[in-house]
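Q: Okay, here's the structure, questions in a sec.
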Amino acid sequence: MLWQSIVRAFELMGENDPLLNEIIATTMKMAFTSSALALLIGVPFGILIGISKFPGKKIVITVLHACMALPSVVVGLTLYILFSGTGAIYSVRLMVVAQVVLIAPVTAGMAESYVTALSPWLTETAKGLRLKKPKVLFLAVNESKYQFIVIYLMAFARSISEVGAVQIVGGNILHETRVMTTAIALNYNMGQFRYAVALGIILLLIALGVNTVATIIQHKLK
Amino acid sequence: MLTIENLKKRYGERTVLDIERLEFEDGKRYALLGANGSGKSTLLKILAGTERASEGRTVFPDGVKTAFMPQHAVGFKLSAENNLRIVCNDKALIAAALKEFDLGTLKSKNAAKLSGGETQRLALARTLLVPFTLLLLDEPTAAMDLNSAQAACDAIKRAVTDSIATLVFATHSLPQAVRLADFLIFMDGGVIAEVMSSECPLTDVKDVRAQAFLKSIIG
């Protein structure tokens, strides 16, 4: 069964099926957009928390860490209730919003955790040199850039593999909002296991490709 | 004048610093001497504002501008030249600092890949480029070889003289302390054991804790 699925996966890729290409394109569009946005929103927020001292910092960090475990179905349902009746429901745009809500706390939490580890010597040296906050922020980003690749990879992985929220707010509409994970779930429900596993293997190959590119960039940054 | 009054620093139950009163005259140079754990670094960190005292107060002169180099010298993950540029935009001053600290051939090298001594030279050069009236240095030459340490001492002396600044530095090197400082401050277990002029013979040291420290390093 598994071997047959692997063969089917390569057959599918060789067939240049327009529907499969469309699903992959929608998946990539959603995953790249949401992971990039989650990185752009979450990382500066996490770094700011990491390098700053303010009352209630521990509470903010605790809430942030709790948000890292937001259940995707809950996020999907909440957005569904908020946006049902509006034109935004069942769109890739809302799927991206759902994923950003899910992933931004994770990127922020990871950035905060890394910067906090680096913070004592960085802030001590920066304060000794009387550097202004923007320069400290620049240094924190610069010192952490290697870690940002890891954070981005994690964000991309979470985005491309997520199914609960995108199913609810996207609706898995053919030619519109169908992505790899919702297509896999659909084929599983229809009993087309071989096709579902084949799609899963293609998904894995995409993830492997993105990871390889990121690893090359990481080595160049070193 | 910089004045410390009833300064205490505690970590839990442990008191690591307990200074009743200490004064630093403007434009003078002070060396903090003492064994590990005597409170030198804690005192410098409190003066630099990177640590808070548990009790007491520090009165700084009006308009004080502090520059502080911590014990753990750090090179930011930038070229050596850009490490200096982060504090100073003047190309001529940067070029002079690179030359003075023998960093010319390393200016394009990533500071994260420098040796311990090179990193300390870079960190010191960077600190001296910051405009200051109070310079705080925590073992600024500990990782340097003898020649580099001597050159660094000359650079520190020149920078402090040019800025008419007060210098407070911690060191384990008695010759460096005598050479660079106007006053020697002996510390032991978080308290000031004795303050004396660096021009006085070391045989004049009266406090038994300071005598014991001197004996441990001179023999």
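Within each chain, counting starts at residue 1; across the structure tokens, chains are named A, B, ... in the order shown, with ligands numbered 1 upward in that order.
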Give me, as a PyMOL selection string, all polymer residues having an atom no more than 10 Å from region 46-51 of chain A, counting only C-alpha atoms and skipping those fewer than 2 positions away in the same chain.
A: chain A and resi 41-44+53-54+57-58+60-61+64+104-120+122-123+133+136-138+140-141+144
Q: Just the selected residues (N, CA, C and O atoms), exported as a CSV table (one decimal), in the first residue's frame, please.
A:
```
chain,number,residue,atom,x,y,z
A,41,ILE,N,5.6,39.7,11.8
A,41,ILE,CA,4.8,40.3,13.0
A,41,ILE,C,5.4,39.7,14.3
A,41,ILE,O,5.6,40.5,15.2
A,42,GLY,N,5.6,38.4,14.3
A,42,GLY,CA,6.0,37.8,15.6
A,42,GLY,C,7.4,38.1,16.0
A,42,GLY,O,7.6,38.3,17.2
A,43,VAL,N,8.4,38.0,15.1
A,43,VAL,CA,9.8,38.2,15.5
A,43,VAL,C,10.1,39.5,16.1
A,43,VAL,O,10.7,39.6,17.2
A,44,PRO,N,9.7,40.7,15.5
A,44,PRO,CA,10.0,42.0,16.1
A,44,PRO,C,9.4,42.1,17.5
A,44,PRO,O,10.0,42.6,18.4
A,53,LYS,N,12.7,45.8,29.4
A,53,LYS,CA,12.3,45.6,30.8
A,53,LYS,C,11.0,46.4,31.1
A,53,LYS,O,11.1,47.7,30.9
A,54,PHE,N,9.9,45.8,31.5
A,54,PHE,CA,8.7,46.6,31.8
A,54,PHE,C,7.9,45.8,32.8
A,54,PHE,O,8.0,44.6,32.9
A,57,LYS,N,6.1,42.0,32.5
A,57,LYS,CA,6.8,41.3,31.4
A,57,LYS,C,6.5,39.8,31.6
A,57,LYS,O,6.3,39.1,30.6
A,58,LYS,N,6.6,39.3,32.8
A,58,LYS,CA,6.4,37.9,33.0
A,58,LYS,C,5.0,37.4,32.6
A,58,LYS,O,4.8,36.3,32.0
A,60,VAL,N,3.1,38.9,30.3
A,60,VAL,CA,3.0,39.0,28.8
A,60,VAL,C,3.7,37.7,28.2
A,60,VAL,O,3.1,37.1,27.3
A,61,ILE,N,4.8,37.3,28.8
A,61,ILE,CA,5.5,36.1,28.3
A,61,ILE,C,4.7,34.8,28.5
A,61,ILE,O,4.6,34.0,27.7
A,64,LEU,N,1.9,34.9,26.0
A,64,LEU,CA,2.5,34.5,24.7
A,64,LEU,C,2.8,33.1,24.6
A,64,LEU,O,2.4,32.4,23.6
A,104,ALA,N,2.0,33.4,14.4
A,104,ALA,CA,2.7,34.5,15.0
A,104,ALA,C,3.1,34.4,16.4
A,104,ALA,O,4.2,34.7,16.8
A,105,PRO,N,2.2,33.8,17.3
A,105,PRO,CA,2.7,33.7,18.7
A,105,PRO,C,3.8,32.7,18.8
A,105,PRO,O,4.7,32.8,19.7
A,106,VAL,N,3.9,31.7,17.9
A,106,VAL,CA,5.0,30.7,18.0
A,106,VAL,C,6.3,31.4,17.5
A,106,VAL,O,7.3,31.3,18.2
A,107,THR,N,6.3,32.2,16.5
A,107,THR,CA,7.5,32.9,16.0
A,107,THR,C,7.9,33.9,17.1
A,107,THR,O,9.1,34.1,17.4
A,108,ALA,N,6.9,34.6,17.7
A,108,ALA,CA,7.2,35.6,18.7
A,108,ALA,C,7.8,34.9,19.9
A,108,ALA,O,8.8,35.4,20.5
A,109,GLY,N,7.2,33.8,20.3
A,109,GLY,CA,7.7,33.1,21.5
A,109,GLY,C,9.2,32.5,21.3
A,109,GLY,O,10.0,32.6,22.2
A,110,MET,N,9.4,32.0,20.1
A,110,MET,CA,10.7,31.5,19.8
A,110,MET,C,11.8,32.6,19.8
A,110,MET,O,12.9,32.5,20.3
A,111,ALA,N,11.4,33.8,19.2
A,111,ALA,CA,12.3,34.9,19.1
A,111,ALA,C,12.6,35.4,20.5
A,111,ALA,O,13.7,35.7,20.8
A,112,GLU,N,11.5,35.6,21.3
A,112,GLU,CA,11.7,36.1,22.7
A,112,GLU,C,12.6,35.2,23.5
A,112,GLU,O,13.5,35.6,24.1
A,113,SER,N,12.4,33.9,23.3
A,113,SER,CA,13.2,32.9,24.1
A,113,SER,C,14.7,33.0,23.7
A,113,SER,O,15.6,33.0,24.5
A,114,TYR,N,15.0,33.1,22.4
A,114,TYR,CA,16.3,33.2,21.9
A,114,TYR,C,17.0,34.5,22.4
A,114,TYR,O,18.1,34.5,22.9
A,115,VAL,N,16.3,35.6,22.2
A,115,VAL,CA,16.8,36.9,22.5
A,115,VAL,C,17.0,37.0,24.1
A,115,VAL,O,18.0,37.6,24.5
A,116,THR,N,16.2,36.4,24.8
A,116,THR,CA,16.3,36.5,26.3
A,116,THR,C,17.6,35.7,26.7
A,116,THR,O,18.3,36.2,27.6
A,117,ALA,N,17.9,34.7,26.0
A,117,ALA,CA,19.2,33.9,26.3
A,117,ALA,C,20.4,34.8,26.0
A,117,ALA,O,21.4,34.7,26.6
A,118,LEU,N,20.2,35.6,24.9
A,118,LEU,CA,21.4,36.4,24.4
A,118,LEU,C,21.4,37.8,25.1
A,118,LEU,O,22.4,38.5,25.1
A,119,SER,N,20.3,38.1,25.7
A,119,SER,CA,20.0,39.4,26.2
A,119,SER,C,21.0,39.9,27.3
A,119,SER,O,21.5,41.1,27.2
A,120,PRO,N,21.4,39.1,28.3
A,120,PRO,CA,22.2,39.7,29.4
A,120,PRO,C,23.5,40.3,28.9
A,120,PRO,O,23.8,41.5,29.2
A,122,LEU,N,24.2,41.1,25.7
A,122,LEU,CA,24.0,42.1,24.7
A,122,LEU,C,23.5,43.4,25.3
A,122,LEU,O,24.1,44.5,25.0
A,123,THR,N,22.6,43.3,26.3
A,123,THR,CA,22.1,44.6,26.9
A,123,THR,C,23.1,45.2,27.7
A,123,THR,O,23.2,46.4,27.8
A,133,LYS,N,17.8,52.4,21.6
A,133,LYS,CA,17.0,51.2,21.4
A,133,LYS,C,17.0,50.6,19.9
A,133,LYS,O,17.2,49.4,19.7
A,136,VAL,N,20.1,48.7,19.4
A,136,VAL,CA,20.1,47.4,20.2
A,136,VAL,C,19.2,46.4,19.5
A,136,VAL,O,19.5,45.2,19.3
A,137,LEU,N,18.1,46.9,18.9
A,137,LEU,CA,17.2,46.0,18.2
A,137,LEU,C,17.9,45.5,16.9
A,137,LEU,O,17.8,44.3,16.6
A,138,PHE,N,18.6,46.4,16.2
A,138,PHE,CA,19.3,45.9,15.1
A,138,PHE,C,20.4,44.8,15.4
A,138,PHE,O,20.5,43.8,14.8
A,140,ALA,N,20.3,42.9,18.1
A,140,ALA,CA,19.6,41.6,18.5
A,140,ALA,C,19.2,40.8,17.2
A,140,ALA,O,19.3,39.6,17.2
A,141,VAL,N,18.6,41.6,16.2
A,141,VAL,CA,18.2,40.9,15.0
A,141,VAL,C,19.4,40.3,14.3
A,141,VAL,O,19.4,39.1,13.8
A,144,SER,N,20.8,37.2,15.8
A,144,SER,CA,19.8,36.1,15.8
A,144,SER,C,19.5,35.6,14.4
A,144,SER,O,18.7,34.7,14.3
```
Q: Return as a tab-separated table the residues of chain B lying at most 6 Å from chain A, together with the closest atom-to-atom pair for each and the distance in Å to one decimal, counting only C-alpha atoms, with rows in chain order and ascending residue number.
A:
```
residue	atom	partner	partner_atom	distance
B:Thr50	CA	A:Glu124	CA	5.9
B:Ala67	CA	A:Gly128	CA	5.2
B:Phe68	CA	A:Gly128	CA	4.1
```
Q: Would you please work out which residue, of A:Leu221, A:Met154, A:Ala38, A:Ile160, is nearest to Leu205 (chain A) when using only C-alpha atoms?
A: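 Looking only at the distances to Leu205 (chain A), the closest residue turns out to be A:Ile160.
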Q: Using DSSP on the backbone coordinates, identify all residues within region 94-153 of chain B classified as strand (DSSP E or B); present the result as a list of chain:residue names.
A: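 Selecting the strand (DSSP E or B) positions of region 94-153 of chain B gives B:Asn110, B:Leu134, B:Leu135, B:Leu136, B:Leu137, B:Asp138.
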Q: Could you write out that same residue set with C-alpha atoms as a PDB file, in the first residue's frame?
A:
```pdb
ATOM      1  CA  ASN B 110      33.702  39.087  11.435  1.00  0.00           C
ATOM      2  CA  LEU B 134      33.198  58.479  33.495  1.00  0.00           C
ATOM      3  CA  LEU B 135      34.960  55.418  32.104  1.00  0.00           C
ATOM      4  CA  LEU B 136      34.329  52.049  33.760  1.00  0.00           C
ATOM      5  CA  LEU B 137      36.427  49.083  32.680  1.00  0.00           C
ATOM      6  CA  ASP B 138      36.210  45.577  34.090  1.00  0.00           C
TER       7      ASP B 138
END
```
Q: I'd like the interatomic distance between CA of Gln71 (chain B) and CA of Ala125 (chain B), to a tenth of an Å.
A: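 Between CA of Gln71 (chain B) and CA of Ala125 (chain B) the gap is 14.4 Å.
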Q: If you run DSSP on this backbone, which residues of chain B come out as helix (DSSP H, G or I), and could you give them as a PyMOL selection string?
A: chain B and resi 40-48+80-85+91-100+104-106+111-113+116-128+146-163+174-180+202-204+208-218
Q: Give me the residues near region 8-23 of chain A as a list in words, where near means some atom within 8 Å (using only C-alpha atoms) and where sequence neighbours in that chain fewer than 6 positions away do not count.
A: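 Contacts, with the query itself left out: His175, Arg178, Val179, Met180, Arg194, Tyr195, Val197, Ala198, Leu199, Ile201 and Ile202 of chain A.
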Q: Give me, please, the distance in Å between CA of Thr105 (chain B) and CA of Asp145 (chain B), quoted to one decimal.
A: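 Taking CA of Thr105 (chain B) as the start and CA of Asp145 (chain B) as the end point, the length is 17.7 Å.
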Q: Restricting the calculation to only C-alpha atoms, which member of B:Val168, B:Ala97, B:Leu106, B:Cys200 is positioned closest to Ala152 (chain B)?
A: B:Ala97
Q: I'd like the interatomic distance between CA of Val64 (chain B) and CA of Phe132 (chain B), to a tenth of an Å.
A: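 It comes out at 7.6 Å.
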Q: So which residues touch Lys113 (chain B) within 12 Å, counting only C-alpha atoms, skipping near sequence neighbours fewer than 3 positions away, as a PyMOL selection string?
A: (chain A and resi 222) or (chain B and resi 74-80+106-110+116-119)
Q: Can you write just those residues out, all heavy atoms, as a short mmCIF file (atom, residue, chain, number, x, y, z; two decimals), in the first residue's frame?
A:
```
data_model
loop_
_atom_site.label_atom_id
_atom_site.label_comp_id
_atom_site.auth_asym_id
_atom_site.auth_seq_id
_atom_site.Cartn_x
_atom_site.Cartn_y
_atom_site.Cartn_z
N LYS A 222 26.42 31.83 7.83
CA LYS A 222 27.35 31.50 8.92
C LYS A 222 28.66 32.25 8.80
O LYS A 222 29.21 32.38 7.74
CB LYS A 222 27.63 30.00 8.94
CG LYS A 222 26.83 29.28 10.01
CD LYS A 222 27.20 27.82 10.08
CE LYS A 222 26.52 27.16 11.26
NZ LYS A 222 26.79 25.72 11.29
N VAL B 74 32.71 41.47 24.20
CA VAL B 74 31.86 40.93 23.15
C VAL B 74 32.15 41.61 21.82
O VAL B 74 32.28 42.82 21.75
CB VAL B 74 30.38 41.18 23.53
CG1 VAL B 74 29.47 40.94 22.33
CG2 VAL B 74 29.97 40.29 24.69
N GLY B 75 32.27 40.79 20.79
CA GLY B 75 32.34 41.33 19.43
C GLY B 75 31.01 41.03 18.76
O GLY B 75 30.61 39.87 18.68
N PHE B 76 30.31 42.06 18.32
CA PHE B 76 29.04 41.82 17.63
C PHE B 76 29.32 41.12 16.30
O PHE B 76 30.39 41.31 15.71
CB PHE B 76 28.31 43.14 17.38
CG PHE B 76 27.99 43.90 18.64
CD1 PHE B 76 28.38 45.23 18.78
CD2 PHE B 76 27.31 43.29 19.68
CE1 PHE B 76 28.11 45.94 19.93
CE2 PHE B 76 27.03 44.00 20.85
CZ PHE B 76 27.43 45.33 20.97
N LYS B 77 28.35 40.36 15.81
CA LYS B 77 28.54 39.62 14.56
C LYS B 77 28.53 40.56 13.35
O LYS B 77 27.65 40.50 12.50
CB LYS B 77 27.43 38.56 14.40
CG LYS B 77 27.64 37.33 15.25
CD LYS B 77 26.54 36.32 15.00
CE LYS B 77 26.57 35.24 16.06
NZ LYS B 77 25.34 34.45 16.08
N LEU B 78 29.50 41.46 13.37
CA LEU B 78 29.70 42.41 12.27
C LEU B 78 31.20 42.44 12.01
O LEU B 78 31.96 41.87 12.80
CB LEU B 78 29.26 43.82 12.70
CG LEU B 78 27.82 44.03 13.16
CD1 LEU B 78 27.69 45.36 13.89
CD2 LEU B 78 26.88 43.99 11.96
N SER B 79 31.64 43.12 10.97
CA SER B 79 33.09 43.25 10.77
C SER B 79 33.65 44.07 11.94
O SER B 79 32.90 44.81 12.60
CB SER B 79 33.37 43.96 9.45
OG SER B 79 32.97 45.31 9.55
N ALA B 80 34.95 43.93 12.17
CA ALA B 80 35.57 44.68 13.28
C ALA B 80 35.33 46.18 13.08
O ALA B 80 35.01 46.90 14.03
CB ALA B 80 37.06 44.38 13.33
N LEU B 106 42.53 43.25 10.60
CA LEU B 106 41.35 42.46 10.96
C LEU B 106 40.05 43.23 10.72
O LEU B 106 38.97 42.75 11.06
CB LEU B 106 41.41 42.07 12.44
CG LEU B 106 42.64 41.28 12.89
CD1 LEU B 106 42.69 41.20 14.41
CD2 LEU B 106 42.61 39.88 12.30
N LYS B 107 40.16 44.43 10.14
CA LYS B 107 38.97 45.31 10.10
C LYS B 107 37.79 44.71 9.33
O LYS B 107 36.64 45.02 9.63
CB LYS B 107 39.34 46.69 9.57
CG LYS B 107 39.71 46.75 8.11
CD LYS B 107 39.96 48.19 7.71
CE LYS B 107 40.29 48.28 6.23
NZ LYS B 107 40.54 49.65 5.82
N SER B 108 38.08 43.86 8.35
CA SER B 108 36.97 43.27 7.56
C SER B 108 36.51 41.93 8.14
O SER B 108 35.54 41.35 7.67
CB SER B 108 37.40 43.06 6.11
OG SER B 108 37.84 44.27 5.59
N LYS B 109 37.24 41.43 9.12
CA LYS B 109 36.91 40.12 9.67
C LYS B 109 35.69 40.19 10.60
O LYS B 109 35.52 41.16 11.34
CB LYS B 109 38.13 39.59 10.46
CG LYS B 109 38.07 38.10 10.70
CD LYS B 109 39.40 37.60 11.27
CE LYS B 109 39.28 36.14 11.65
NZ LYS B 109 40.49 35.61 12.23
N ASN B 110 34.87 39.15 10.54
CA ASN B 110 33.70 39.09 11.44
C ASN B 110 34.20 39.01 12.88
O ASN B 110 35.00 38.14 13.22
CB ASN B 110 32.86 37.85 11.09
CG ASN B 110 31.53 37.84 11.81
OD1 ASN B 110 31.41 38.32 12.95
ND2 ASN B 110 30.53 37.32 11.16
N GLY B 116 40.22 35.65 21.67
CA GLY B 116 39.84 36.33 22.91
C GLY B 116 40.53 37.67 23.07
O GLY B 116 39.90 38.68 23.40
N GLY B 117 41.85 37.69 22.82
CA GLY B 117 42.62 38.92 22.97
C GLY B 117 42.21 39.96 21.94
O GLY B 117 42.09 41.15 22.25
N GLU B 118 41.99 39.50 20.70
CA GLU B 118 41.58 40.43 19.63
C GLU B 118 40.20 41.02 19.95
O GLU B 118 39.97 42.22 19.76
CB GLU B 118 41.53 39.68 18.28
CG GLU B 118 42.90 39.33 17.74
CD GLU B 118 42.85 38.30 16.60
OE1 GLU B 118 41.79 37.67 16.39
OE2 GLU B 118 43.89 38.11 15.95
N THR B 119 39.31 40.17 20.45
CA THR B 119 37.96 40.64 20.81
C THR B 119 38.05 41.70 21.90
O THR B 119 37.35 42.71 21.87
CB THR B 119 37.09 39.46 21.28
OG1 THR B 119 37.08 38.48 20.27
CG2 THR B 119 35.66 39.89 21.58
#
```
Q: Could you list, as a PyMOL selection string, every residue within 10 Å of Ser161 (chain A), counting only C-alpha atoms and ignoring same-chain residues fewer than 4 positions away?
A: chain A and resi 27+31+156-157+179-182+200+203-204+207
Q: Can you tell me, as a PDB file with N, CA, C and O atoms, in the first residue's frame, what residues are no more than 12 Å from Cys153 (chain B) when counting only C-alpha atoms, ignoring any on the same chain fewer than 5 positions away?
A:
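What ended up in part_35.pdb:
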```
ATOM      1  N   GLU B 100      45.537  52.108  16.392  1.00  0.00           N
ATOM      2  CA  GLU B 100      46.008  52.142  17.778  1.00  0.00           C
ATOM      3  C   GLU B 100      45.923  50.767  18.445  1.00  0.00           C
ATOM      4  O   GLU B 100      46.800  50.385  19.230  1.00  0.00           O
ATOM      5  N   PHE B 101      44.869  50.009  18.115  1.00  0.00           N
ATOM      6  CA  PHE B 101      44.683  48.697  18.744  1.00  0.00           C
ATOM      7  C   PHE B 101      45.131  47.551  17.824  1.00  0.00           C
ATOM      8  O   PHE B 101      44.745  46.396  18.033  1.00  0.00           O
ATOM      9  N   ARG B 121      40.589  43.663  22.537  1.00  0.00           N
ATOM     10  CA  ARG B 121      41.143  44.899  21.958  1.00  0.00           C
ATOM     11  C   ARG B 121      40.050  45.669  21.224  1.00  0.00           C
ATOM     12  O   ARG B 121      39.933  46.886  21.342  1.00  0.00           O
ATOM     13  N   LEU B 124      37.568  47.197  23.691  1.00  0.00           N
ATOM     14  CA  LEU B 124      38.137  48.380  24.350  1.00  0.00           C
ATOM     15  C   LEU B 124      38.174  49.567  23.388  1.00  0.00           C
ATOM     16  O   LEU B 124      37.802  50.694  23.765  1.00  0.00           O
ATOM     17  N   ALA B 125      38.600  49.302  22.143  1.00  0.00           N
ATOM     18  CA  ALA B 125      38.632  50.374  21.137  1.00  0.00           C
ATOM     19  C   ALA B 125      37.236  50.964  20.963  1.00  0.00           C
ATOM     20  O   ALA B 125      37.067  52.181  20.885  1.00  0.00           O
ATOM     21  N   LEU B 128      36.237  53.114  23.979  1.00  0.00           N
ATOM     22  CA  LEU B 128      36.943  54.404  24.039  1.00  0.00           C
ATOM     23  C   LEU B 128      36.451  55.386  22.975  1.00  0.00           C
ATOM     24  O   LEU B 128      36.739  56.577  23.059  1.00  0.00           O
ATOM     25  N   LEU B 137      35.874  50.218  33.414  1.00  0.00           N
ATOM     26  CA  LEU B 137      36.427  49.083  32.680  1.00  0.00           C
ATOM     27  C   LEU B 137      36.629  47.909  33.637  1.00  0.00           C
ATOM     28  O   LEU B 137      37.243  48.048  34.687  1.00  0.00           O
ATOM     29  N   GLU B 139      38.397  44.596  34.092  1.00  0.00           N
ATOM     30  CA  GLU B 139      39.536  43.794  33.624  1.00  0.00           C
ATOM     31  C   GLU B 139      39.725  43.946  32.111  1.00  0.00           C
ATOM     32  O   GLU B 139      39.597  42.984  31.348  1.00  0.00           O
ATOM     33  N   PRO B 140      40.047  45.171  31.685  1.00  0.00           N
ATOM     34  CA  PRO B 140      40.041  45.454  30.242  1.00  0.00           C
ATOM     35  C   PRO B 140      41.133  44.768  29.433  1.00  0.00           C
ATOM     36  O   PRO B 140      41.023  44.686  28.215  1.00  0.00           O
ATOM     37  N   THR B 141      42.182  44.289  30.106  1.00  0.00           N
ATOM     38  CA  THR B 141      43.281  43.694  29.329  1.00  0.00           C
ATOM     39  C   THR B 141      43.552  42.244  29.744  1.00  0.00           C
ATOM     40  O   THR B 141      44.591  41.686  29.375  1.00  0.00           O
ATOM     41  N   ALA B 142      42.626  41.639  30.477  1.00  0.00           N
ATOM     42  CA  ALA B 142      42.882  40.305  31.054  1.00  0.00           C
ATOM     43  C   ALA B 142      43.216  39.239  30.000  1.00  0.00           C
ATOM     44  O   ALA B 142      43.982  38.311  30.276  1.00  0.00           O
ATOM     45  N   MET B 144      44.630  39.862  27.041  1.00  0.00           N
ATOM     46  CA  MET B 144      45.641  40.340  26.075  1.00  0.00           C
ATOM     47  C   MET B 144      47.043  39.866  26.434  1.00  0.00           C
ATOM     48  O   MET B 144      47.343  39.617  27.602  1.00  0.00           O
ATOM     49  N   LEU B 146      51.185  40.631  26.747  1.00  0.00           N
ATOM     50  CA  LEU B 146      51.839  41.722  27.475  1.00  0.00           C
ATOM     51  C   LEU B 146      51.953  43.012  26.660  1.00  0.00           C
ATOM     52  O   LEU B 146      51.640  44.100  27.144  1.00  0.00           O
ATOM     53  N   ASN B 147      52.398  42.861  25.386  1.00  0.00           N
ATOM     54  CA  ASN B 147      52.579  44.057  24.552  1.00  0.00           C
ATOM     55  C   ASN B 147      51.254  44.752  24.284  1.00  0.00           C
ATOM     56  O   ASN B 147      51.153  45.982  24.369  1.00  0.00           O
ATOM     57  N   SER B 148      50.232  43.936  23.951  1.00  0.00           N
ATOM     58  CA  SER B 148      48.911  44.520  23.667  1.00  0.00           C
ATOM     59  C   SER B 148      48.359  45.192  24.913  1.00  0.00           C
ATOM     60  O   SER B 148      47.749  46.261  24.837  1.00  0.00           O
ATOM     61  N   ARG B 158      45.530  57.890  27.611  1.00  0.00           N
ATOM     62  CA  ARG B 158      45.398  59.008  26.683  1.00  0.00           C
ATOM     63  C   ARG B 158      43.927  59.432  26.553  1.00  0.00           C
ATOM     64  O   ARG B 158      43.611  60.620  26.611  1.00  0.00           O
ATOM     65  N   ALA B 159      43.038  58.431  26.402  1.00  0.00           N
ATOM     66  CA  ALA B 159      41.611  58.745  26.205  1.00  0.00           C
ATOM     67  C   ALA B 159      41.033  59.434  27.435  1.00  0.00           C
ATOM     68  O   ALA B 159      40.270  60.392  27.315  1.00  0.00           O
ATOM     69  N   VAL B 160      41.444  58.960  28.608  1.00  0.00           N
ATOM     70  CA  VAL B 160      40.927  59.543  29.859  1.00  0.00           C
ATOM     71  C   VAL B 160      41.458  60.965  30.038  1.00  0.00           C
ATOM     72  O   VAL B 160      40.720  61.875  30.434  1.00  0.00           O
ATOM     73  N   LEU B 167      38.269  57.675  35.725  1.00  0.00           N
ATOM     74  CA  LEU B 167      38.408  56.269  35.331  1.00  0.00           C
ATOM     75  C   LEU B 167      38.299  55.383  36.569  1.00  0.00           C
ATOM     76  O   LEU B 167      38.961  55.632  37.582  1.00  0.00           O
ATOM     77  N   PHE B 169      38.571  51.256  37.163  1.00  0.00           N
ATOM     78  CA  PHE B 169      38.760  49.970  36.478  1.00  0.00           C
ATOM     79  C   PHE B 169      39.140  48.878  37.465  1.00  0.00           C
ATOM     80  O   PHE B 169      39.782  49.128  38.483  1.00  0.00           O
ATOM     81  N   THR B 171      41.136  45.316  38.054  1.00  0.00           N
ATOM     82  CA  THR B 171      42.269  44.594  37.474  1.00  0.00           C
ATOM     83  C   THR B 171      42.848  43.608  38.486  1.00  0.00           C
ATOM     84  O   THR B 171      42.690  43.779  39.697  1.00  0.00           O
ATOM     85  N   SER B 173      46.081  42.930  37.865  1.00  0.00           N
ATOM     86  CA  SER B 173      47.499  43.228  37.644  1.00  0.00           C
ATOM     87  C   SER B 173      47.911  44.441  38.480  1.00  0.00           C
ATOM     88  O   SER B 173      47.484  45.568  38.225  1.00  0.00           O
ATOM     89  N   PRO B 175      50.999  45.833  38.676  1.00  0.00           N
ATOM     90  CA  PRO B 175      51.765  46.820  37.897  1.00  0.00           C
ATOM     91  C   PRO B 175      50.850  47.715  37.057  1.00  0.00           C
ATOM     92  O   PRO B 175      51.076  48.913  36.958  1.00  0.00           O
ATOM     93  N   GLN B 176      49.797  47.111  36.466  1.00  0.00           N
ATOM     94  CA  GLN B 176      48.869  47.902  35.657  1.00  0.00           C
ATOM     95  C   GLN B 176      48.142  48.931  36.527  1.00  0.00           C
ATOM     96  O   GLN B 176      47.986  50.087  36.130  1.00  0.00           O
ATOM     97  N   ALA B 177      47.729  48.493  37.717  1.00  0.00           N
ATOM     98  CA  ALA B 177      47.017  49.389  38.635  1.00  0.00           C
ATOM     99  C   ALA B 177      47.912  50.569  39.013  1.00  0.00           C
ATOM    100  O   ALA B 177      47.479  51.726  38.970  1.00  0.00           O
ATOM    101  N   VAL B 178      49.157  50.283  39.358  1.00  0.00           N
ATOM    102  CA  VAL B 178      50.078  51.345  39.792  1.00  0.00           C
ATOM    103  C   VAL B 178      50.382  52.285  38.629  1.00  0.00           C
ATOM    104  O   VAL B 178      50.454  53.496  38.792  1.00  0.00           O
ATOM    105  N   ARG B 179      50.526  51.697  37.444  1.00  0.00           N
ATOM    106  CA  ARG B 179      50.890  52.477  36.266  1.00  0.00           C
ATOM    107  C   ARG B 179      49.755  53.393  35.804  1.00  0.00           C
ATOM    108  O   ARG B 179      49.972  54.520  35.386  1.00  0.00           O
ATOM    109  N   LEU B 180      48.531  52.889  35.909  1.00  0.00           N
ATOM    110  CA  LEU B 180      47.402  53.595  35.311  1.00  0.00           C
ATOM    111  C   LEU B 180      46.603  54.449  36.303  1.00  0.00           C
ATOM    112  O   LEU B 180      45.995  55.443  35.923  1.00  0.00           O
ATOM    113  N   ALA B 181      46.630  54.071  37.581  1.00  0.00           N
ATOM    114  CA  ALA B 181      45.709  54.716  38.533  1.00  0.00           C
ATOM    115  C   ALA B 181      46.391  55.759  39.411  1.00  0.00           C
ATOM    116  O   ALA B 181      47.594  55.684  39.674  1.00  0.00           O
TER     117      ALA B 181
END
```
Q: Using only C-alpha atoms, which protein or nucleic acid residues come within 12 Å of Thr58 (chain B)? Drop anything in the same chain fewer than 2 positions from it, and give the result as a PyMOL selection string.
A: chain B and resi 1-8+19-24+43-44+46-49+52-56+60-61
